[in-house]
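**Q** Pasting a structure below so you can have a look.
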Amino acid sequence: MLEVTGLAVGFGEEQTLERVDLRVNAGEIVALAGEPGAGKTALVRCLSGDLQPSSGTIRVDGRVLSTGLRAAEHHGIAVVWQDLALCETLDVAGNLLLGLESSAQTLSTNRFYARAAGILADLGLTSLAVAAPASSLSGSQRGLLALAMALARAPRILLLDEPTAAMGASETAELEQLLARKRDEGLAVLLATRDIDQMFRLADRIVVLRQGRTQDELDPQDSHPDDVAALLAGGSVDGSARRQLIRLHGLADSLAVADPSSGLALIVSALAAALNLERSSISVVRADTAQTPAERVIVDGPNWLVPVTGPAGTSALITIRREQHAPPSRDELDLLGLYAGYTAAALERQEAEAAQLEAEALRRSRELQRQFLSRLSHELRTPLTAIRGYASSLLAPDIVWDEESQQRFLETIASESARLGRLVEDLLDFSAIDSGVMRMQLDWCQPELVIDAAIACLPDAWRERVVVGQQAGLPPIWADHDRLEQVFVNLLSNALRHNDDNARVTVTSAQRSDGSIELLVSDNGAGLPPELRRSPFDSTRRQRSATAGAGLGLSITRGIVAAHGGHIELLDTNVGATFRIVLPLEAPLPADSASRPVEEDEMASASA
């Protein structure tokens with residue numbers, strides 16, 4: 001809203017302002033800091049149109065500000081001068097409405113005072129009595145009245161020249177609350193003050209004037225009052241010991257709450273800021289290449305190499321890339337030593353975190369293995385017990401079975417043997433998927449033929465309950481026909497086995513807009529139990545039921561689909577269960593291999 005470029009003001013041979021650049025945005029308070037004689041009041045006079053600059057430009061909303069108080073008022077600029085500029089012969093209402101009176105109000109004292117009281121109420125300055133003479137007000141009340149006079153004109157830009165110099169603590173707080181509220185309403189404020197604490201309470205930015213020039217600009221969120229004092233005295237901010245100490249404290253706090261994996265990034269960023277570097281890095285040394293730690297910083301041309309020592313020797317190397325060929329100073333050596341210590345601590349924390357995660361993963365893996373083997377032993381024992389019992393009955397020398405009983409025994413032995421074979425095959429498939437070594441025979445195959453082959457594997461009574469609806473002309477996919485057939489046999493068998501004889505299963509397929517193939521296997525049965533809907537592909541959460549097997553079918557199905565570069569998910573439906581499979585036309589497989597190891601995260605829920 002307000003922009004000053006190259007502003008200069010001189011009185012005779014003396015230059016009060018030499019080159020001032022600043023900007024003030026709408027809804028922003030910019031504090032103007034400077035020692036007496038730095039040019040704060042001269043700058044305010046130029047911005048208000050009271051003083052003609054010798055060079056430079058002042059723009060309001062991009063338009064050049066012409067000279068004169070009327071021109072500034074026309075652009076929406078109001079000023080609170082350091083001497084307040086009150087009319088001592090008038091009361092509070094007279095000062096507040098000076099130049100704003102209407103004929104109706106001048107003819108009616110009640111209306112005049114009512115309007116003044118309304119303005120003060122809107123501003124929250126109810127402590128001012130509208131009929132009190134200005135000459136009877138205290139210094140604090142006079143300052144509040146001057147501010148109210150400026151705000152009564154509804155300015156867009158407010159210039160304040162030491163407004164709280166004669167105010168008490170309570171009135172200063174009242175003024176600051178009012179300014180903060182007006183800022184939130186979009187007012188642009190330039191606050192010239194020597195109160196550094198006030199700058200940090202109010203300002204969004206701090207511009208420091210020194211000897212008629214803009215020395216620097218600070219963000220109060222990232223600065224300290226000592227920084228302003230250093231700039232006013234002509235010193236530097238970044239090189240101060242206090243600044244470095246604050247940075248180190250901030251780094252320590254960040255490292256305490258940050259994830260261990262981000263510790264080194266935080267350290268190298270803080271180190272670059274501490275030494276004003278554009279490039280720096282930390283290289284972690286492998287344990288088998290660790291050497292005896294160096295005793296000092298190594299200077300390699302423009303680069304500094306800082307070894308980081310750990311229990312086994314040099315654990316990391318900090319590389320500082322500088323423009324100039326110069327050894328580090330004593331202060332820089334001390335800083336490098338501190339950051340090397342932070343780096344060593346971060347590396348130890350990473351190692352401890354990694355060891356803890358590894359131990360937790362091992363414990364979880366052993367628990368899953370124990371649960372899996374316990375359930376699997378029961379699944380294998382059931383068909384083995386039936387086979388052994390019926391075979392022993394047939395071989396008993398003292399019992400003669402009729403032909404019908406022998407046939408029934410043999411059929412039971414055959415069916416339990418087939419069940420045992422399926423359990424063993426599932427176990428082998430699951431182990432291959434879990435270890436990422438499943439091998440597939442890939443070729444171009446038609447999705448509809450895969451579905452037909454899977455349905456043909458079902459018992460006759462089950463095949464009659466399957467309905468196929470698919471899009472004509474589906475393109476072939478690069479896949480293992482037998483493995484995909486296994487996927488659909490598993491899904492169809494589950495849907496038919498776990499529902500009553502009235503349930504129907506529908507298989508549909510279509511090509512998606514991205515070229516992939518989408519296949520849906522839906523049933524209208526009772527649906528999955530709640531505990532299975534939460535994690536249908538996790539074999540470790542399988543519940544016992546009269547029709548349940550080893551609980552590996554869906555886990556294997558997911559692994560086979562993932563091995564083809566696709567994914568499978570259980571959709572949220574009101575009736576039955578619907579599984580959606582998405583397969584690419586050609587999965588990204590290694591050129592020298594017919595197999596694709598399943599990614600670890602793809603099989604995380606199927607891992608035993």
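Just remember, in the structure tokens the first chain shown is A, the second B, etc., residues are 1-based per chain, and ligands are 1-based in the order shown.
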Please identify all polymer residues within 7 Å of Val130 of chain A, counting only C-alpha atoms, omitting same-chain residues fewer than 5 positions from it, and present them as a PyMOL selection string.
**A** chain A and resi 91-93+113+116-117
**Q** Could you check the closest approach to Leu305 of chain A for each of A:Ile455, A:Ala340, A:Ala359, A:Ala274 and tell me which residue wins, using only C-alpha atoms?
**A** A:Ala340
**Q** Can you list, as a ChimeraX atom specification, all residues belonging to segment 50-193 of chain A that DSSP tags as alpha helix (DSSP H)?
**A** /A:69-74,92-96,103-107,109-123,139-151,169-184
**Q** Might you pull out every residue within 8 Å of Ala346 of chain A, with only C-alpha atoms counted and same-chain residues fewer than 2 positions away left off, and present them as an mmCIF file with N, CA and C atoms, in the first residue's frame?
**A**
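Saved result, around.cif, follows:
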data_model
loop_
_atom_site.group_PDB
_atom_site.id
_atom_site.type_symbol
_atom_site.label_atom_id
_atom_site.label_comp_id
_atom_site.auth_asym_id
_atom_site.auth_seq_id
_atom_site.Cartn_x
_atom_site.Cartn_y
_atom_site.Cartn_z
ATOM 1 N N LEU A 255 15.882 -31.144 17.593
ATOM 2 C CA LEU A 255 16.387 -32.512 17.595
ATOM 3 C C LEU A 255 15.691 -33.357 18.655
ATOM 4 N N PRO A 260 14.303 -39.312 14.317
ATOM 5 C CA PRO A 260 15.762 -39.491 14.192
ATOM 6 C C PRO A 260 16.271 -39.408 12.766
ATOM 7 N N GLY A 263 17.323 -35.854 11.760
ATOM 8 C CA GLY A 263 18.267 -35.126 12.593
ATOM 9 C C GLY A 263 19.425 -34.537 11.820
ATOM 10 N N LEU A 264 20.025 -35.306 10.917
ATOM 11 C CA LEU A 264 21.185 -34.814 10.169
ATOM 12 C C LEU A 264 20.803 -33.649 9.263
ATOM 13 N N TYR A 342 26.767 -32.392 17.899
ATOM 14 C CA TYR A 342 25.357 -32.642 17.588
ATOM 15 C C TYR A 342 25.217 -33.783 16.573
ATOM 16 N N THR A 343 26.104 -33.779 15.563
ATOM 17 C CA THR A 343 26.041 -34.818 14.536
ATOM 18 C C THR A 343 26.300 -36.196 15.137
ATOM 19 N N ALA A 344 27.306 -36.303 16.004
ATOM 20 C CA ALA A 344 27.609 -37.586 16.646
ATOM 21 C C ALA A 344 26.413 -38.079 17.457
ATOM 22 N N GLU A 348 24.127 -41.511 16.840
ATOM 23 C CA GLU A 348 23.896 -42.510 17.884
ATOM 24 C C GLU A 348 22.399 -42.727 18.102
ATOM 25 N N ARG A 349 21.644 -41.641 18.028
ATOM 26 C CA ARG A 349 20.193 -41.772 18.200
ATOM 27 C C ARG A 349 19.579 -42.572 17.058
ATOM 28 N N GLN A 350 20.066 -42.334 15.834
ATOM 29 C CA GLN A 350 19.569 -43.108 14.697
ATOM 30 C C GLN A 350 19.858 -44.588 14.866
#
